[in-house]
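K.L.:
File name target-v8.txt; file contents compact mmCIF, C-alpha atoms; full text below.
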```txt
# COMPACT_ATOMS: atom_id res chain seq x y z
CA MET A 1 -34.66 -21.04 -45.19
CA THR A 2 -31.88 -19.68 -47.39
CA PRO A 3 -28.91 -21.84 -48.35
CA GLU A 4 -26.65 -19.59 -46.30
CA VAL A 5 -28.72 -20.07 -43.18
CA GLN A 6 -28.82 -23.80 -43.79
CA ARG A 7 -25.05 -23.89 -44.17
CA LEU A 8 -24.50 -21.91 -41.01
CA GLU A 9 -26.95 -24.05 -39.05
CA ALA A 10 -25.13 -27.15 -40.23
CA LEU A 11 -21.87 -25.58 -39.15
CA GLY A 12 -23.38 -24.86 -35.76
CA GLU A 13 -24.46 -28.47 -35.43
CA ARG A 14 -20.96 -29.56 -36.39
CA LEU A 15 -19.56 -27.35 -33.62
CA ARG A 16 -22.04 -28.88 -31.18
CA ALA A 17 -20.71 -32.30 -32.10
CA VAL A 18 -17.14 -31.41 -31.12
CA GLU A 19 -16.23 -33.59 -28.18
CA PRO A 20 -15.59 -31.55 -25.06
CA VAL A 21 -12.11 -31.61 -23.62
CA VAL A 22 -12.19 -32.77 -20.03
CA PRO A 23 -9.51 -32.12 -17.43
CA ALA A 24 -7.25 -34.88 -16.23
CA PRO A 25 -8.46 -36.34 -12.89
CA ALA A 26 -5.21 -35.28 -11.19
CA ALA A 27 -5.75 -31.71 -12.35
CA LYS A 28 -9.24 -31.73 -10.97
CA ILE A 29 -8.07 -33.03 -7.59
CA ARG A 30 -5.27 -30.47 -7.47
CA GLY A 31 -7.80 -27.78 -8.33
CA TRP A 32 -10.14 -28.85 -5.56
CA ASN A 33 -7.33 -28.85 -3.00
CA LEU A 34 -6.46 -25.26 -3.92
CA VAL A 35 -10.08 -24.08 -4.08
CA SER A 36 -10.96 -25.85 -0.82
CA ALA A 37 -8.07 -24.17 1.01
CA ALA A 38 -9.11 -20.77 -0.31
CA VAL A 39 -12.76 -21.33 0.69
CA HIS A 40 -11.71 -22.45 4.16
CA GLU A 41 -9.47 -19.41 4.61
CA THR A 42 -12.21 -17.06 3.44
CA ALA A 43 -14.72 -18.61 5.84
CA THR A 44 -12.23 -18.22 8.71
CA VAL A 45 -11.53 -14.58 7.86
CA ARG A 46 -15.25 -13.88 7.51
CA SER A 47 -15.93 -15.52 10.86
CA ARG A 48 -13.19 -13.42 12.48
CA SER A 49 -14.47 -10.23 10.91
CA HIS A 50 -18.02 -11.06 12.10
CA SER A 51 -16.68 -11.51 15.63
CA VAL A 52 -14.86 -8.18 15.44
CA ARG A 53 -17.96 -6.52 14.03
CA ARG A 54 -20.07 -7.94 16.85
CA LEU A 55 -17.56 -6.67 19.40
CA VAL A 56 -17.51 -3.21 17.85
CA LEU A 57 -21.32 -3.11 17.77
CA ALA A 58 -21.48 -4.17 21.41
CA ALA A 59 -18.94 -1.48 22.36
CA VAL A 60 -20.86 1.17 20.43
CA ALA A 61 -24.13 0.10 22.05
CA ALA A 62 -22.52 0.22 25.51
CA ALA A 63 -21.10 3.67 24.79
CA VAL A 64 -24.47 4.93 23.59
CA LEU A 65 -26.16 3.57 26.72
CA LEU A 66 -23.48 5.11 28.89
CA VAL A 67 -23.78 8.53 27.26
CA ALA A 68 -27.58 8.40 27.29
CA GLY A 69 -27.57 7.40 30.96
CA ALA A 70 -25.09 10.15 31.84
CA LEU A 71 -27.13 12.74 29.96
CA ALA A 72 -30.31 11.63 31.71
CA ALA A 73 -28.62 11.69 35.09
CA SER A 74 -27.08 15.09 34.41
CA ALA A 75 -30.50 16.67 33.98
CA ASP A 76 -30.97 16.82 37.76
CA SER A 77 -27.33 17.34 38.65
CA LEU A 78 -26.16 20.25 40.82
CA PRO A 79 -23.07 22.48 40.46
CA ASP A 80 -21.08 20.30 42.89
CA SER A 81 -21.74 17.16 40.80
CA ALA A 82 -19.30 15.60 38.35
CA LEU A 83 -22.12 15.38 35.79
CA TYR A 84 -22.89 19.09 35.99
CA PRO A 85 -20.83 20.06 32.87
CA LEU A 86 -22.98 17.62 30.86
CA LYS A 87 -26.05 19.47 32.02
CA GLY A 88 -24.63 22.60 30.38
CA VAL A 89 -24.09 20.72 27.13
CA VAL A 90 -27.70 19.54 27.09
CA GLU A 91 -28.93 23.03 27.89
CA HIS A 92 -26.89 24.51 25.07
CA ALA A 93 -28.29 21.95 22.69
CA ARG A 94 -31.80 22.84 23.77
CA GLY A 95 -31.01 26.53 23.27
CA ALA A 96 -29.85 25.83 19.73
CA LEU A 97 -33.29 24.39 18.99
CA ALA A 98 -35.17 27.50 20.19
CA PHE A 99 -35.73 29.37 16.93
CA THR A 100 -38.42 31.98 17.60
CA PRO A 101 -37.93 34.86 20.06
CA SER A 102 -40.80 33.50 22.13
CA ASP A 103 -39.14 30.08 22.36
CA GLN A 104 -35.83 31.71 23.23
CA LEU A 105 -37.51 33.66 26.02
CA THR A 106 -39.01 30.47 27.41
CA TYR A 107 -35.55 28.92 27.26
CA HIS A 108 -33.91 31.77 29.21
CA ILE A 109 -36.70 31.91 31.80
CA ASP A 110 -36.50 28.14 32.35
CA LEU A 111 -32.74 28.31 32.77
CA ALA A 112 -33.07 31.19 35.23
CA GLY A 113 -35.44 29.05 37.31
CA THR A 114 -33.04 26.13 37.12
CA ARG A 115 -30.11 28.29 38.28
CA LEU A 116 -32.20 29.62 41.17
CA GLY A 117 -33.02 26.09 42.27
CA GLU A 118 -29.33 25.21 42.12
CA ALA A 119 -28.46 28.31 44.21
CA GLU A 120 -30.95 27.24 46.86
CA ALA A 121 -29.47 23.76 46.95
CA MET A 122 -25.91 25.09 47.20
CA ILE A 123 -26.85 27.44 50.03
CA ALA A 124 -28.41 24.48 51.84
CA ARG A 125 -25.10 22.65 51.40
CA HIS A 126 -23.13 25.70 52.55
CA ARG A 127 -21.44 26.01 49.16
CA LEU A 128 -21.72 29.77 48.96
CA ASP A 129 -19.21 30.05 46.10
CA LEU A 130 -21.30 27.81 43.89
CA ALA A 131 -24.51 29.44 45.08
CA SER A 132 -23.14 32.84 44.12
CA GLN A 133 -22.17 31.54 40.68
CA ALA A 134 -25.65 30.08 40.19
CA LEU A 135 -27.28 33.37 41.13
CA THR A 136 -25.03 35.26 38.73
CA ALA A 137 -25.96 32.79 36.01
CA MET A 138 -29.65 33.28 36.86
CA ASN A 139 -29.27 37.04 36.45
CA ASP A 140 -27.45 36.55 33.14
CA GLU A 141 -30.40 34.55 31.84
CA LEU A 142 -32.87 37.22 32.92
CA THR A 143 -30.74 39.95 31.34
CA ALA A 144 -30.63 37.96 28.08
CA ALA A 145 -34.41 37.53 28.28
CA ALA A 146 -34.88 41.30 28.77
CA ALA A 147 -32.70 41.98 25.72
CA LEU A 148 -34.86 39.61 23.69
CA VAL A 149 -38.02 41.45 24.75
CA GLN A 150 -36.47 44.76 23.79
CA SER A 151 -35.37 43.43 20.45
CA GLU A 152 -38.83 42.05 19.71
CA LYS A 153 -40.45 45.43 20.46
CA GLY A 154 -38.91 46.75 17.27
CA THR A 155 -40.23 43.82 15.28
CA ASP A 156 -43.60 42.68 16.61
CA PRO A 157 -45.02 44.80 19.47
CA ALA A 158 -47.86 42.36 20.18
CA VAL A 159 -45.50 39.44 20.67
CA ALA A 160 -43.13 41.67 22.61
CA ALA A 161 -45.93 42.64 25.03
CA ASP A 162 -46.69 39.00 25.70
CA MET A 163 -43.01 38.22 26.20
CA GLU A 164 -42.58 41.17 28.54
CA ASN A 165 -45.53 39.99 30.62
CA ARG A 166 -44.09 36.50 30.89
CA LEU A 167 -40.70 37.83 31.90
CA LEU A 168 -42.15 40.11 34.58
CA GLN A 169 -44.14 37.22 36.00
CA ALA A 170 -41.00 35.11 36.15
CA VAL A 171 -39.01 37.86 37.82
CA ALA A 172 -41.78 38.33 40.38
CA ILE A 173 -41.82 34.61 41.18
CA HIS A 174 -38.05 34.48 41.45
CA ASP A 175 -38.03 37.54 43.66
CA ARG A 176 -40.50 35.93 46.07
CA GLN A 177 -38.31 32.81 46.19
CA LEU A 178 -35.19 34.88 46.78
CA ALA A 179 -36.92 36.88 49.51
CA GLY A 180 -37.89 33.64 51.25
CA LEU A 181 -34.36 32.36 50.91
CA GLN A 182 -32.98 35.59 52.26
CA GLY A 183 -35.09 35.14 55.37
CA GLN A 184 -33.58 31.74 56.01
CA VAL A 185 -29.87 32.48 55.72
CA THR A 186 -27.78 34.17 58.35
CA ASN A 187 -24.43 34.20 56.57
CA PRO A 188 -23.68 37.81 55.57
CA ALA A 189 -21.99 36.77 52.34
CA ALA A 190 -25.04 34.75 51.34
CA GLN A 191 -27.32 37.62 52.31
CA SER A 192 -25.27 39.97 50.19
CA ALA A 193 -25.28 37.62 47.18
CA ILE A 194 -29.06 37.24 47.35
CA THR A 195 -29.55 40.97 47.61
CA ARG A 196 -27.36 41.52 44.57
CA ALA A 197 -29.29 38.89 42.68
CA ARG A 198 -32.65 40.48 43.50
CA ASP A 199 -31.39 43.87 42.40
CA ARG A 200 -30.08 42.57 39.12
CA ALA A 201 -33.33 40.72 38.49
CA GLN A 202 -35.25 43.96 38.95
CA GLN A 203 -32.85 45.72 36.60
CA ALA A 204 -33.59 43.11 33.99
CA ALA A 205 -37.33 43.61 34.50
CA GLN A 206 -36.93 47.34 34.12
CA ALA A 207 -34.83 46.95 31.01
CA ALA A 208 -37.57 44.83 29.49
CA GLN A 209 -40.18 47.45 30.26
CA VAL A 210 -38.40 50.36 28.60
CA GLU A 211 -40.56 51.38 25.65
CA LYS A 212 -38.97 51.71 22.25
CA SER A 213 -41.18 54.31 20.57
CA PRO A 214 -44.29 56.44 21.33
CA ALA A 215 -46.18 54.74 18.50
CA THR A 216 -45.73 51.42 20.18
CA ASN A 217 -46.90 52.85 23.51
CA ALA A 218 -50.05 54.29 21.92
CA SER A 219 -50.98 51.11 20.16
CA HIS A 220 -50.82 49.08 23.35
CA GLY A 221 -52.11 51.72 25.78
CA LYS A 222 -48.98 51.57 27.85
CA GLY A 223 -47.71 54.62 29.76
CA SER A 224 -44.13 55.69 29.90
CA GLY A 225 -43.87 54.81 33.59
CA SER A 226 -41.61 51.83 33.05
CA SER A 227 -38.65 53.70 34.37
CA ASP A 228 -40.27 54.10 37.78
CA ALA A 229 -41.32 50.51 38.14
CA SER A 230 -41.31 49.28 41.70
CA SER A 231 -38.55 47.05 42.95
CA HIS A 232 -41.08 44.17 43.05
CA PRO A 233 -42.78 44.31 39.66
CA THR A 234 -46.32 43.16 39.18
CA PRO A 235 -46.83 41.08 36.05
CA LYS A 236 -49.19 42.60 33.48
CA HIS A 237 -52.43 40.78 32.70
CA MET B 1 -22.33 -38.75 -25.56
CA ARG B 2 -21.01 -35.40 -24.50
CA ALA B 3 -19.22 -35.12 -21.17
CA LEU B 4 -20.92 -31.88 -20.17
CA ASP B 5 -24.52 -33.04 -19.84
CA ARG B 6 -25.45 -31.06 -16.82
CA ALA B 7 -26.63 -27.56 -17.62
CA PRO B 8 -26.11 -24.78 -15.10
CA SER B 9 -29.02 -25.01 -12.70
CA ASP B 10 -31.19 -22.69 -10.68
CA ASP B 11 -30.74 -24.74 -7.52
CA ASP B 12 -27.33 -23.20 -6.85
CA ARG B 13 -28.65 -20.68 -4.36
CA PRO B 14 -29.06 -23.00 -1.35
CA LEU B 15 -25.53 -24.27 -1.99
CA ILE B 16 -24.22 -20.73 -2.25
CA GLU B 17 -25.75 -19.86 1.11
CA ARG B 18 -24.09 -22.89 2.65
CA VAL B 19 -20.72 -22.00 1.13
CA ARG B 20 -21.05 -18.53 2.60
CA GLN B 21 -21.33 -20.21 5.99
CA GLY B 22 -18.15 -22.17 5.34
CA ASP B 23 -19.73 -25.46 4.25
CA GLN B 24 -17.01 -27.34 2.34
CA ASP B 25 -19.41 -30.02 1.05
CA ALA B 26 -21.52 -27.38 -0.65
CA ALA B 27 -18.37 -25.81 -2.12
CA ARG B 28 -17.34 -29.23 -3.42
CA THR B 29 -20.74 -29.73 -5.07
CA LEU B 30 -20.50 -26.39 -6.87
CA TYR B 31 -16.91 -27.12 -7.83
CA GLU B 32 -17.94 -30.47 -9.35
CA ARG B 33 -20.85 -28.79 -11.09
CA TYR B 34 -18.80 -26.13 -12.84
CA PHE B 35 -15.14 -27.10 -12.99
CA ASP B 36 -15.34 -29.26 -16.14
CA ARG B 37 -17.45 -26.71 -17.97
CA ILE B 38 -15.08 -23.87 -17.14
CA TYR B 39 -12.08 -26.00 -18.03
CA ASN B 40 -13.66 -26.79 -21.39
CA TYR B 41 -14.47 -23.13 -21.95
CA ALA B 42 -10.92 -22.10 -21.03
CA TYR B 43 -9.42 -24.78 -23.25
CA ALA B 44 -11.48 -23.61 -26.21
CA ARG B 45 -10.26 -20.06 -25.62
CA LEU B 46 -6.62 -20.69 -24.74
CA GLY B 47 -5.77 -23.96 -26.48
CA ARG B 48 -3.40 -25.31 -23.81
CA ALA B 49 -4.34 -27.81 -21.10
CA GLU B 50 -2.06 -26.20 -18.48
CA ASP B 51 -3.47 -22.76 -19.11
CA ALA B 52 -7.03 -24.07 -19.10
CA GLU B 53 -6.39 -25.86 -15.80
CA ASP B 54 -4.93 -22.73 -14.18
CA LEU B 55 -7.74 -20.58 -15.48
CA ALA B 56 -10.42 -23.02 -14.32
CA ILE B 57 -8.90 -23.21 -10.83
CA ASP B 58 -8.55 -19.45 -10.68
CA THR B 59 -12.16 -18.98 -11.80
CA MET B 60 -13.54 -21.46 -9.29
CA THR B 61 -11.47 -19.95 -6.49
CA ARG B 62 -12.71 -16.46 -7.26
CA SER B 63 -16.29 -17.67 -7.66
CA LEU B 64 -16.42 -19.51 -4.36
CA THR B 65 -14.49 -17.00 -2.25
CA ARG B 66 -16.13 -13.79 -3.48
CA LEU B 67 -19.76 -14.75 -3.01
CA ASP B 68 -20.35 -11.46 -1.23
CA LEU B 69 -19.85 -9.75 -4.61
CA PHE B 70 -22.10 -12.23 -6.40
CA GLN B 71 -25.15 -11.14 -4.39
CA ASP B 72 -24.95 -7.67 -5.93
CA GLN B 73 -24.73 -8.83 -9.54
CA GLY B 74 -28.38 -9.76 -10.09
CA VAL B 75 -27.53 -12.64 -12.47
CA ALA B 76 -27.55 -16.42 -12.22
CA PHE B 77 -24.56 -17.95 -10.46
CA SER B 78 -23.65 -19.83 -13.64
CA SER B 79 -23.57 -16.57 -15.61
CA TRP B 80 -21.41 -15.02 -12.93
CA VAL B 81 -18.95 -17.91 -13.10
CA TYR B 82 -18.70 -17.62 -16.89
CA ARG B 83 -18.15 -13.88 -16.63
CA ILE B 84 -15.28 -14.49 -14.22
CA ALA B 85 -13.86 -17.04 -16.62
CA HIS B 86 -14.17 -14.58 -19.50
CA ASN B 87 -12.41 -11.84 -17.51
CA ALA B 88 -9.68 -14.29 -16.52
CA THR B 89 -9.25 -15.14 -20.20
CA ILE B 90 -8.83 -11.47 -21.07
CA ASP B 91 -6.27 -11.15 -18.24
CA HIS B 92 -4.45 -14.16 -19.58
CA TYR B 93 -4.28 -12.65 -23.08
CA ARG B 94 -2.94 -9.41 -21.62
CA ARG B 95 -0.22 -11.19 -19.69
CA HIS B 96 0.81 -13.78 -22.26
CA GLY B 97 -0.51 -12.59 -25.61
CA LYS B 98 -2.98 -14.56 -27.72
CA VAL B 99 -1.89 -18.18 -28.25
CA THR B 100 -3.08 -19.91 -31.40
CA LEU B 101 -1.52 -23.28 -30.70
CA VAL B 102 -3.95 -26.15 -30.28
CA ALA B 103 -2.52 -29.18 -28.57
CA LEU B 104 -5.23 -31.79 -28.59
CA ASP B 105 -2.78 -34.47 -27.53
CA GLU B 106 -2.60 -32.78 -24.14
CA ALA B 107 -6.28 -33.27 -23.44
CA ALA B 108 -7.96 -36.40 -22.21
CA LEU B 109 -10.55 -37.47 -24.76
CA PRO B 110 -13.59 -39.67 -24.16
CA GLN B 111 -12.59 -43.31 -24.14
CA SER B 112 -15.84 -44.60 -25.60
CA ALA B 113 -15.15 -43.27 -29.09
CA ASP B 114 -14.16 -45.58 -31.91
CA PRO B 115 -10.40 -45.16 -32.61
CA ALA B 116 -10.86 -44.85 -36.39
CA GLU B 117 -13.71 -42.38 -36.05
CA LEU B 118 -11.74 -40.62 -33.30
CA ALA B 119 -8.85 -39.89 -35.69
CA MET B 120 -11.21 -38.24 -38.16
CA GLU B 121 -12.98 -36.48 -35.33
CA GLN B 122 -9.71 -35.18 -33.95
CA LEU B 123 -8.64 -33.80 -37.28
CA SER B 124 -11.92 -32.07 -37.87
CA ASN B 125 -12.11 -30.80 -34.36
CA ASP B 126 -8.59 -29.48 -34.69
CA ASP B 127 -9.54 -27.51 -37.78
CA LEU B 128 -12.63 -26.19 -36.09
CA ARG B 129 -10.80 -25.16 -32.94
CA LEU B 130 -8.02 -23.43 -34.86
CA ALA B 131 -10.46 -21.62 -37.12
CA LEU B 132 -12.53 -20.62 -34.11
CA ARG B 133 -9.49 -19.01 -32.55
CA GLU B 134 -9.21 -16.69 -35.58
CA LEU B 135 -12.52 -15.01 -34.74
CA THR B 136 -12.98 -11.92 -32.64
CA ASP B 137 -13.21 -12.27 -28.88
CA GLU B 138 -17.01 -11.83 -28.83
CA GLN B 139 -17.53 -14.22 -31.73
CA GLN B 140 -15.43 -16.90 -30.05
CA GLN B 141 -17.30 -16.42 -26.81
CA VAL B 142 -20.76 -16.71 -28.34
CA LEU B 143 -19.91 -19.84 -30.35
CA ILE B 144 -18.19 -21.57 -27.44
CA LEU B 145 -21.05 -20.83 -25.07
CA ARG B 146 -23.79 -21.73 -27.53
CA PHE B 147 -22.28 -24.84 -29.11
CA PHE B 148 -19.50 -26.16 -26.88
CA GLN B 149 -21.30 -25.37 -23.64
CA ASP B 150 -24.85 -26.02 -24.92
CA LEU B 151 -26.23 -22.87 -23.35
CA THR B 152 -29.39 -21.21 -24.61
CA ALA B 153 -29.32 -17.82 -26.30
CA ALA B 154 -30.93 -16.35 -23.18
CA GLN B 155 -28.21 -17.76 -20.93
CA VAL B 156 -25.50 -16.45 -23.25
CA ALA B 157 -27.20 -13.06 -23.29
CA ASP B 158 -27.12 -13.05 -19.49
CA ILE B 159 -23.43 -13.90 -19.44
CA MET B 160 -22.43 -11.39 -22.10
CA GLY B 161 -24.73 -8.64 -20.84
CA LYS B 162 -26.53 -8.41 -24.20
CA SER B 163 -30.09 -8.89 -25.43
CA VAL B 164 -31.13 -12.26 -26.85
CA GLY B 165 -31.54 -10.64 -30.28
CA ALA B 166 -28.03 -9.23 -30.14
CA VAL B 167 -26.67 -12.65 -29.21
CA GLN B 168 -28.51 -14.29 -32.12
CA ALA B 169 -27.17 -11.68 -34.54
CA LEU B 170 -23.68 -12.08 -33.14
CA GLN B 171 -23.97 -15.86 -33.44
CA HIS B 172 -25.01 -15.55 -37.09
CA ARG B 173 -22.06 -13.30 -37.90
CA ALA B 174 -19.70 -15.55 -35.93
CA LEU B 175 -20.77 -18.64 -37.87
CA GLY B 176 -20.24 -16.75 -41.13
CA SER B 177 -16.77 -15.71 -40.00
CA LEU B 178 -15.99 -19.28 -38.94
CA GLU B 179 -17.09 -20.58 -42.32
CA ARG B 180 -14.80 -18.12 -44.09
CA ALA B 181 -11.93 -18.99 -41.77
CA LEU B 182 -12.39 -22.70 -42.52
CA GLN B 183 -12.50 -21.99 -46.26
CA GLY B 184 -9.32 -19.94 -45.95
CA ARG B 185 -7.61 -22.78 -44.12
CA ALA B 186 -8.77 -25.28 -46.80
CA VAL B 187 -7.31 -23.09 -49.55
CA ASN B 188 -4.02 -22.79 -47.70
```
In structure tokens, write the structure found in this file.
P.N.:
Amino acid sequence: MTPEVQRLEALGERLRAVEPVVPAPAAKIRGWNLVSAAVHETATVRSRSHSVRRLVLAAVAAAVLLVAGALAASADSLPDSALYPLKGVVEHARGALAFTPSDQLTYHIDLAGTRLGEAEAMIARHRLDLASQALTAMNDELTAAAALVQSEKGTDPAVAADMENRLLQAVAIHDRQLAGLQGQVTNPAAQSAITRARDRAQQAAQAAQVEKSPATNASHGKGSGSSDASSHPTPKH
Amino acid sequence: MRALDRAPSDDDRPLIERVRQGDQDAARTLYERYFDRIYNYAYARLGRAEDAEDLAIDTMTRSLTRLDLFQDQGVAFSSWVYRIAHNATIDHYRRHGKVTLVALDEAALPQSADPAELAMEQLSNDDLRLALRELTDEQQQVLILRFFQDLTAAQVADIMGKSVGAVQALQHRALGSLERALQGRAVN
């Protein structure tokens, strides 16, 4: 150990021997009174904030349950229900998640079926205005589906053929349902609305069947007779 | 016999949890455990009993009311308390400037000491304290923590956010500086 280190160590020991300065008892008591008050206040504030947080969490949970319940209930709601607008929101959300043309076709076909069911229910309840709206919406879905099929024909003919087949099957099923419904109603306005809906559905089917190019027709062995399709199309197999 | 026998302990955590739940007894225990040490630290840094008292109270208040911050620090509670005291010291210097006055007559000294020896002790301690105050902030801190507070190099490293080796090197330089300061005072 060098003399310098020895000196410094001795100095350190001398420092260690310095008597500590202690606070006066009164100062310590005064300090505790101040610290104790601050600790108490902090605990009170924390307790209040925990209560508020619990209340907020409970409110959020209740709101989530309420919204989830309303959304679930809206799934089966009809156009004359207060929850019906929510049903549209859910359907739009589902549509946003359909990414491929095939998925989008399924989406439009499902919605068309849903609208048809709603039209039937509204006719049963003598709400012809709402029934007419539902039928129009059904036709809009089928028209959108036909446009998808047409668009896909320019991209992937094989997929387009499958989509066209599915759409024609759906139109055929809907047409049978509409024909049955037409036989049950006597109201001329309802009769007229159903007739219009059947016609528009057939137009959608025909639009889907229009071939895009001869090359596509040759590759799939399809004729060019789509323009003279019958008013009650038979799905391809 | 030194007044600050009790070293900072690892059993603070159960007390801290109780304080967080508003337990005043646990807060009192921690206050008793640290107040004297922080007061002594503050006195060594500031040199005035009133300032040391205010700083110790401020440090203990911050320590016991901001325990939510302590959980994120990842250090011992004792280290956290000393860090708060150090920051409060820096704040004090900013507000009031550095005070070099040492007023030992303002402090209560142990009553067991022999009066004759105490006079010598006071004089020597006075020189030491004054010379200590001439060092840099880091040098003062390391010497006070190591020798006045009896902390290990590892504990000081934790408080100062340095490695143990860096603390030992700093301590060596600080003692050298203190020696020179004492020699300078003797010459003057």
K.L.:
Do you have, as CSV, the list of residues of chain B lying at most 9 Å from chain A, each with its nearest atom pair and that distance in Å to one decimal, counting all atoms listed in the file and ordered by chain then number?
P.N.:
```
residue,atom,partner,partner_atom,distance
B:Met1,CA,A:Glu19,CA,8.4
B:Arg2,CA,A:Glu19,CA,6.3
B:Ala3,CA,A:Pro20,CA,6.4
B:Leu4,CA,A:Pro20,CA,7.2
B:Val19,CA,A:Val39,CA,8.0
B:Arg20,CA,A:Ala43,CA,7.1
B:Gln21,CA,A:Ala43,CA,6.8
B:Gly22,CA,A:Ala43,CA,5.0
B:Asp23,CA,A:His40,CA,8.6
B:Gln24,CA,A:Ser36,CA,7.0
B:Ala27,CA,A:Ser36,CA,7.5
B:Arg28,CA,A:Trp32,CA,7.5
B:Tyr31,CA,A:Trp32,CA,7.3
B:Glu32,CA,A:Trp32,CA,8.8
B:Phe35,CA,A:Lys28,CA,7.8
B:Asp36,CA,A:Val22,CA,6.1
B:Arg37,CA,A:Val22,CA,8.3
B:Tyr39,CA,A:Pro23,CA,6.7
B:Asn40,CA,A:Val21,CA,5.5
B:Tyr41,CA,A:Val21,CA,9.0
B:Tyr43,CA,A:Val21,CA,7.3
B:Ala44,CA,A:Val21,CA,8.4
B:Ala49,CA,A:Pro23,CA,7.7
B:Ala52,CA,A:Pro23,CA,8.6
B:Glu53,CA,A:Ala27,CA,6.8
B:Asp54,CA,A:Gly31,CA,8.2
B:Ala56,CA,A:Gly31,CA,8.1
B:Ile57,CA,A:Gly31,CA,5.3
B:Asp58,CA,A:Val35,CA,8.2
B:Met60,CA,A:Val35,CA,6.8
B:Thr61,CA,A:Val35,CA,5.0
B:Arg62,CA,A:Val35,CA,8.7
B:Leu64,CA,A:Val39,CA,6.5
B:Thr65,CA,A:Val39,CA,5.5
B:Arg66,CA,A:Thr42,CA,8.6
B:Leu104,CA,A:Val21,CA,8.5
B:Ala107,CA,A:Val21,CA,6.1
B:Ala108,CA,A:Val22,CA,6.0
B:Leu109,CA,A:Val21,CA,6.2
B:Pro110,CA,A:Glu19,CA,7.8
B:Glu121,CA,A:Val18,CA,7.8
B:Gln122,CA,A:Val18,CA,8.8
B:Ser124,CA,A:Val18,CA,8.6
B:Asn125,CA,A:Val18,CA,6.0
B:Leu128,CA,A:Leu15,CA,7.4
B:Leu143,CA,A:Gly12,CA,8.2
B:Ile144,CA,A:Leu15,CA,8.6
B:Arg146,CA,A:Arg16,CA,8.2
B:Phe147,CA,A:Arg16,CA,4.5
B:Phe148,CA,A:Arg16,CA,5.7
B:Gln149,CA,A:Arg16,CA,8.3
B:Asp150,CA,A:Arg16,CA,7.4
B:His172,CA,A:Leu8,CA,7.5
B:Leu175,CA,A:Leu8,CA,5.9
B:Gly176,CA,A:Leu8,CA,6.7
B:Leu178,CA,A:Leu11,CA,8.6
B:Glu179,CA,A:Leu11,CA,7.6
```
K.L.:
Neighbouring residues of B:Met160 were defined as those with any atom within 8 Å, considering only C-alpha atoms; residues of the same chain fewer than 3 positions away were excluded. Please report them as an MDAnalysis selection string.
P.N.:
chainID B and resid 83 156:157
K.L.:
Could you check how far atom CA of A:His126 sits from atom CA of A:Thr143, in Å to one decimal?
P.N.:
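Computed distance, atom CA of A:His126 to atom CA of A:Thr143, equals 26.7 Å.
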K.L.:
So how many Å separate atom CA of B:Gln168 and atom CA of B:Asp91, to one decimal?
P.N.:
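Going from atom CA of B:Gln168 over to atom CA of B:Asp91 covers 26.4 Å.
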K.L.:
Which distance in Å separates atom CA of A:Leu78 and atom CA of A:Leu111, to one decimal?
P.N.:
13.2 Å
